[in-house]
Each structure stands twice: as C-alpha cells, then as structure tokens.
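Colleague: Below you'll find structure_14.txt; it's compact mmCIF, C-alpha atoms.
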```txt
# COMPACT_ATOMS: atom_id res chain seq x y z
CA MET A 1 0.00 0.00 0.00
CA ASP A 2 1.51 3.31 -1.10
CA VAL A 3 0.82 6.10 1.38
CA ALA A 4 2.77 8.69 -0.61
CA THR A 5 0.06 8.89 -3.28
CA THR A 6 -2.69 11.18 -2.13
CA THR A 7 -5.90 12.13 -3.82
CA VAL A 8 -7.80 15.01 -2.31
CA ASP A 9 -11.40 15.84 -3.24
CA SER A 10 -10.40 19.50 -3.50
CA ASP A 11 -8.07 21.96 -1.88
CA LEU A 12 -9.69 21.86 1.55
CA LYS A 13 -9.41 25.12 3.44
CA PHE A 14 -11.04 26.03 6.74
CA ARG A 15 -10.79 28.14 9.90
CA LEU A 16 -12.07 27.29 13.35
CA VAL A 17 -11.67 27.95 17.07
CA ARG A 18 -8.57 26.28 18.52
CA GLU A 19 -10.35 24.88 21.60
CA ASP A 20 -13.06 23.21 19.49
CA PHE A 21 -10.49 21.77 17.08
CA ALA A 22 -8.14 20.47 19.79
CA GLU A 23 -10.96 18.88 21.80
CA ALA A 24 -12.51 17.20 18.75
CA VAL A 25 -9.17 15.90 17.44
CA ALA A 26 -8.20 14.55 20.88
CA TRP A 27 -11.58 12.84 21.29
CA VAL A 28 -11.42 11.05 17.92
CA ALA A 29 -7.68 10.29 18.20
CA ARG A 30 -8.29 8.34 21.43
CA SER A 31 -9.94 5.60 19.39
CA LEU A 32 -7.05 5.23 16.93
CA PRO A 33 -4.93 2.07 17.17
CA SER A 34 -1.37 2.52 18.49
CA ARG A 35 0.06 0.03 15.98
CA PRO A 36 -2.30 -0.22 13.01
CA THR A 37 -1.93 -3.09 10.56
CA ILE A 38 -2.64 -0.65 7.72
CA PRO A 39 -0.91 2.78 7.95
CA VAL A 40 -3.98 4.81 6.91
CA LEU A 41 -5.88 3.51 9.96
CA ALA A 42 -3.66 5.75 12.11
CA GLY A 43 -5.09 8.75 10.30
CA LEU A 44 -7.88 11.19 10.98
CA LEU A 45 -10.16 12.07 8.09
CA LEU A 46 -10.94 15.80 8.00
CA THR A 47 -13.96 16.60 5.82
CA GLY A 48 -15.12 20.15 5.26
CA SER A 49 -18.65 20.81 4.00
CA GLU A 50 -21.37 23.41 4.35
CA ASP A 51 -22.30 21.71 7.65
CA GLY A 52 -18.86 22.42 9.16
CA LEU A 53 -15.83 20.20 9.78
CA THR A 54 -16.23 16.47 10.38
CA ILE A 55 -13.33 14.62 12.02
CA SER A 56 -13.44 10.82 11.70
CA GLY A 57 -11.38 7.85 12.80
CA PHE A 58 -11.95 4.16 12.02
CA ASP A 59 -9.89 0.96 12.41
CA TYR A 60 -12.49 -1.64 11.29
CA GLU A 61 -13.44 -2.25 14.95
CA ILE A 62 -14.01 1.17 16.48
CA SER A 63 -15.25 4.26 14.71
CA ALA A 64 -15.45 7.79 16.07
CA GLU A 65 -16.80 10.88 14.38
CA VAL A 66 -17.40 14.41 15.60
CA GLN A 67 -18.63 17.51 13.83
CA VAL A 68 -17.43 20.98 14.83
CA PRO A 69 -18.46 24.40 13.57
CA ALA A 70 -15.93 25.86 11.14
CA GLU A 71 -15.71 28.45 8.39
CA ILE A 72 -15.19 26.30 5.29
CA ALA A 73 -13.58 28.39 2.54
CA SER A 74 -13.13 25.38 0.25
CA PRO A 75 -14.83 22.00 0.91
CA GLY A 76 -13.03 18.68 0.59
CA SER A 77 -11.35 15.85 2.51
CA VAL A 78 -7.85 15.07 3.67
CA LEU A 79 -6.30 12.30 5.77
CA VAL A 80 -3.54 13.15 8.26
CA SER A 81 -1.72 11.35 11.07
CA GLY A 82 -4.06 11.36 14.06
CA ARG A 83 -1.43 11.26 16.81
CA LEU A 84 0.63 14.01 15.17
CA LEU A 85 -2.41 16.26 14.67
CA SER A 86 -3.54 15.61 18.26
CA ASP A 87 -0.11 16.55 19.65
CA ILE A 88 0.01 19.71 17.54
CA THR A 89 -3.51 20.94 18.31
CA ARG A 90 -2.99 20.41 22.04
CA SER A 91 -0.01 22.80 22.06
CA LEU A 92 -1.46 25.58 19.88
CA PRO A 93 -2.03 29.09 21.29
CA ALA A 94 -5.60 30.25 21.98
CA LYS A 95 -6.15 31.81 18.55
CA PRO A 96 -8.12 30.80 15.44
CA VAL A 97 -6.65 27.88 13.50
CA ASP A 98 -6.30 28.06 9.70
CA VAL A 99 -5.88 24.77 7.83
CA THR A 100 -5.11 24.57 4.11
CA VAL A 101 -4.36 21.55 1.94
CA GLU A 102 -1.46 22.28 -0.41
CA GLY A 103 -0.77 19.30 -2.65
CA ARG A 104 0.46 16.44 -0.47
CA ARG A 105 0.83 18.57 2.65
CA VAL A 106 -1.52 20.18 5.13
CA SER A 107 -0.55 23.63 6.32
CA LEU A 108 -1.76 24.49 9.83
CA THR A 109 -1.39 28.06 11.13
CA CYS A 110 -2.38 29.41 14.54
CA GLY A 111 -1.03 32.81 15.55
CA SER A 112 2.73 32.64 15.00
CA ALA A 113 2.78 28.81 15.05
CA ARG A 114 3.03 27.12 11.64
CA PHE A 115 3.07 23.40 10.88
CA SER A 116 3.24 21.40 7.67
CA LEU A 117 1.93 17.82 7.92
CA PRO A 118 2.18 15.06 5.31
CA THR A 119 -1.10 13.63 4.07
CA LEU A 120 -2.08 9.97 3.84
CA ALA A 121 -3.95 8.35 0.94
CA VAL A 122 -7.64 9.22 1.28
CA GLU A 123 -8.65 6.61 -1.31
CA ASP A 124 -7.18 3.83 0.89
CA TYR A 125 -9.20 4.92 3.93
CA PRO A 126 -12.19 2.69 4.75
CA THR A 127 -15.73 4.04 4.67
CA LEU A 128 -17.16 4.54 8.13
CA PRO A 129 -20.14 2.35 8.99
CA THR A 130 -23.52 4.05 9.09
CA LEU A 131 -25.01 4.39 12.54
CA PRO A 132 -28.31 2.66 13.22
CA GLU A 133 -31.39 4.77 13.75
CA GLU A 134 -31.88 6.12 17.25
CA THR A 135 -34.00 3.71 19.28
CA GLY A 136 -34.17 5.68 22.49
CA VAL A 137 -32.72 8.41 24.66
CA ILE A 138 -31.23 8.35 28.15
CA SER A 139 -29.50 11.06 30.16
CA ALA A 140 -25.72 10.86 29.66
CA ASP A 141 -25.07 11.64 33.34
CA LEU A 142 -27.50 8.97 34.51
CA PHE A 143 -26.03 6.39 32.12
CA ALA A 144 -22.44 7.22 33.15
CA GLU A 145 -23.41 6.97 36.83
CA ALA A 146 -25.03 3.56 36.25
CA ILE A 147 -22.00 2.27 34.33
CA GLY A 148 -19.76 3.41 37.20
CA GLN A 149 -21.89 1.58 39.74
CA VAL A 150 -21.95 -1.68 37.76
CA ALA A 151 -18.37 -1.68 36.42
CA VAL A 152 -16.89 -2.27 39.89
CA ALA A 153 -18.17 -5.86 39.77
CA ALA A 154 -16.79 -6.60 36.27
CA GLY A 155 -13.96 -9.13 36.13
CA LYS A 156 -10.38 -8.00 35.65
CA ASP A 157 -9.01 -11.43 34.76
CA ASP A 158 -8.39 -11.69 31.00
CA THR A 159 -8.54 -15.48 31.17
CA LEU A 160 -12.33 -15.10 31.45
CA PRO A 161 -13.00 -12.34 28.89
CA MET A 162 -16.77 -12.87 29.01
CA LEU A 163 -16.76 -11.52 32.57
CA THR A 164 -14.72 -8.37 31.85
CA GLY A 165 -17.62 -6.46 30.32
CA ILE A 166 -21.02 -5.12 31.24
CA ARG A 167 -24.17 -6.81 29.97
CA VAL A 168 -26.74 -4.37 28.59
CA GLU A 169 -30.25 -5.72 28.21
CA ILE A 170 -33.03 -3.57 26.76
CA SER A 171 -36.68 -4.49 27.06
CA GLY A 172 -39.29 -1.87 26.20
CA ASP A 173 -38.53 1.24 28.23
CA THR A 174 -36.21 -0.58 30.67
CA VAL A 175 -32.43 -0.87 30.41
CA VAL A 176 -30.70 -3.37 32.72
CA LEU A 177 -26.93 -3.21 33.24
CA ALA A 178 -25.20 -6.16 34.91
CA ALA A 179 -21.61 -7.20 35.63
CA THR A 180 -19.97 -9.99 37.63
CA ASP A 181 -16.55 -11.44 38.36
CA ARG A 182 -18.07 -14.70 39.77
CA PHE A 183 -17.81 -13.42 43.35
CA ARG A 184 -19.66 -10.12 43.08
CA LEU A 185 -22.73 -9.14 41.08
CA ALA A 186 -23.90 -5.61 40.33
CA VAL A 187 -27.19 -4.84 38.59
CA ARG A 188 -28.70 -1.46 37.80
CA GLU A 189 -32.06 -0.88 36.15
CA LEU A 190 -32.81 2.36 34.28
CA THR A 191 -35.80 3.76 32.44
CA TRP A 192 -35.31 5.40 29.07
CA SER A 193 -37.43 7.09 26.41
CA THR A 194 -37.87 4.73 23.48
CA SER A 195 -38.61 5.74 19.90
CA SER A 196 -40.67 2.61 19.30
CA PRO A 197 -42.51 0.32 21.74
CA SER A 198 -40.73 -2.88 20.57
```
Could I get this structure in the form of structure tokens?
Modeller:
Amino acid sequence: MDVATTTVDSDLKFRLVREDFAEAVAWVARSLPSRPTIPVLAGLLLTGSEDGLTISGFDYEISAEVQVPAEIASPGSVLVSGRLLSDITRSLPAKPVDVTVEGRRVSLTCGSARFSLPTLAVEDYPTLPTLPEETGVISADLFAEAIGQVAVAAGKDDTLPMLTGIRVEISGDTVVLAATDRFRLAVRELTWSTSSPS
C-alpha cells in the first residue's frame, strides 16, 4: 500500500476555534490504534462541507466521528496522522486555526505557530459504517453513573474475557446493566425514552 500517493477531493481550506479543534481531534484520536496493521488507519479524516468540519477515525473495529463548527472556505477531505495532529492541536495558542491543503501537505497556522503535515492516501481509507437509527434516549449523566456503579463488579481477569464487560439488556422502556466477576454481582435498572414500543 503506497501512502505517498494522495488524492484530495479538493483543496480543503477552513478556519475554526482552537479549543473546538483540539478537543474534537483529541476525542477522535483516542480511538485510533497505536500500531495499526494498515498505515492509513492511524489517520484522521478531515472533511469540510457546508455543515462544518467532520473529524473521523476508524480501524475496522471502532469508529469515532465528531462535527465541529468551522468556516469552510473550500470544501473537501484530507487524511492526516491522528497522533501528530492531536499533539500539535494540544499545544497551539488560543487563537483561530487556519488549515489549508497544499498538494500532499496540510498547512496548519495558529497565531505565529506554523506546521506542515504530510497527508495519507484518502482513497485507501475505509468508509465509516452508518449508525443505526436512534432507538431511544437516556440522560448521559444517569447512564455514566449507572456504568460506574456496575463496572466495579466486572472481572479484571483476562482469562475469562466474558466476565470483563457489562451486559446491557433492553426491554421496552427498561435498560438493565449487569456485571460480575463470579464473586460479586452488580445490577442497575434504568428507564429510558424509546422511539418505538418494541
């Protein structure tokens, strides 16, 4: 696989707030593999459109995507190293960030800081899976609290991988979370708003 060959939809150019960019890049980059089997899987796909900037990451197992408001001067897509972009955006000054694709490089400017990053082959990047339709809604704080209460009973022994997770069972408007390590059992029942009664 040749990562030096790069096809870009257009000369992507955008400007956005540094805090939004750094937070979004860091959030998506967390899901990137540390040692990908295919080099492009270590990349973040930046896509500019009239809806703003979409930052995506995918390694065939985990996908992450976030959309942030941005002034898109020229729409398009580019693939750059996720870890490198995350490290750079974290250290930028609190000023607007200008990003421009120039051939096989991405130019990133923020105040007096200037970076030039190599691009990866967009055409080799896998298509992200489509998300299923929303089936219900639950408060994020309530869900996080319930996970925290149940996770303490999950197993930590990798020899029994089926006990290292949390079972999520949904029936109508009830969500049941359960975890065990064979000695302890934690169960939490929640109510959620469902889109359909089934």
Colleague: Please determine the residues with any atom at most 9 Å from (-9.4, 20.6, 16.1) (coordinates as given in the file, with all atoms listed in the file counting) and report them as an MDAnalysis selection string.
Modeller: chainID A and resid 16:26 55 68 85:86 89:90 97
Colleague: Could you list, as a VMD selection string, every residue within 6 Å of Thr164 (chain A), counting all atoms listed in the file and ignoring same-chain residues fewer than 2 positions away?
Modeller: chain A and resid 154 to 156 161 to 162
Colleague: Would you export the selected residues with C-alpha atoms as a short mmCIF file (atom, residue, chain, number, x, y, z; two decimals), in the frame of the given file, please?
Modeller:
```
data_model
loop_
_atom_site.label_atom_id
_atom_site.label_comp_id
_atom_site.auth_asym_id
_atom_site.auth_seq_id
_atom_site.Cartn_x
_atom_site.Cartn_y
_atom_site.Cartn_z
CA ALA A 154 -16.79 -6.60 36.27
CA GLY A 155 -13.96 -9.13 36.13
CA LYS A 156 -10.38 -8.00 35.65
CA PRO A 161 -13.00 -12.34 28.89
CA MET A 162 -16.77 -12.87 29.01
#
```
Colleague: Rank nothing, just name the residue among A:Lys95, A:Leu117, A:Gly111, A:Arg15 nearest to Gly43 (chain A), using only C-alpha atoms.
Modeller: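 Nearest to Gly43 (chain A): A:Leu117.
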Colleague: When you look at Leu131 (chain A) with a cut-off of 12 Å (counting all atoms listed in the file), what residues show up, excluding the ones that are within fewer than 2 positions of it in the same chain? I need them as a list in words.
Modeller: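 Listing them by chain and then by number gives Ser63, Ala64, Glu65, Leu128, Pro129, Glu133, Glu134 and Thr135 of chain A.
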Colleague: Nearest to Val40 (chain A): which of A:Glu71, A:Asp181, A:Asp98, A:Glu123 is it, counting all atoms listed in the file?
Modeller: A:Glu123
Colleague: Which is closer to Pro75 (chain A) than all the others in A:Gly148, A:Gly57, A:Pro96, A:Gly52, using all atoms listed in the file?
Modeller: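 Ranking A:Gly148, A:Gly57, A:Pro96, A:Gly52 by distance to Pro75 (chain A), first place goes to A:Gly52.
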Colleague: Could you please determine the separation between CA of Val99 (chain A) and CA of Lys13 (chain A) in Å, to one decimal place?
Modeller: 5.6 Å
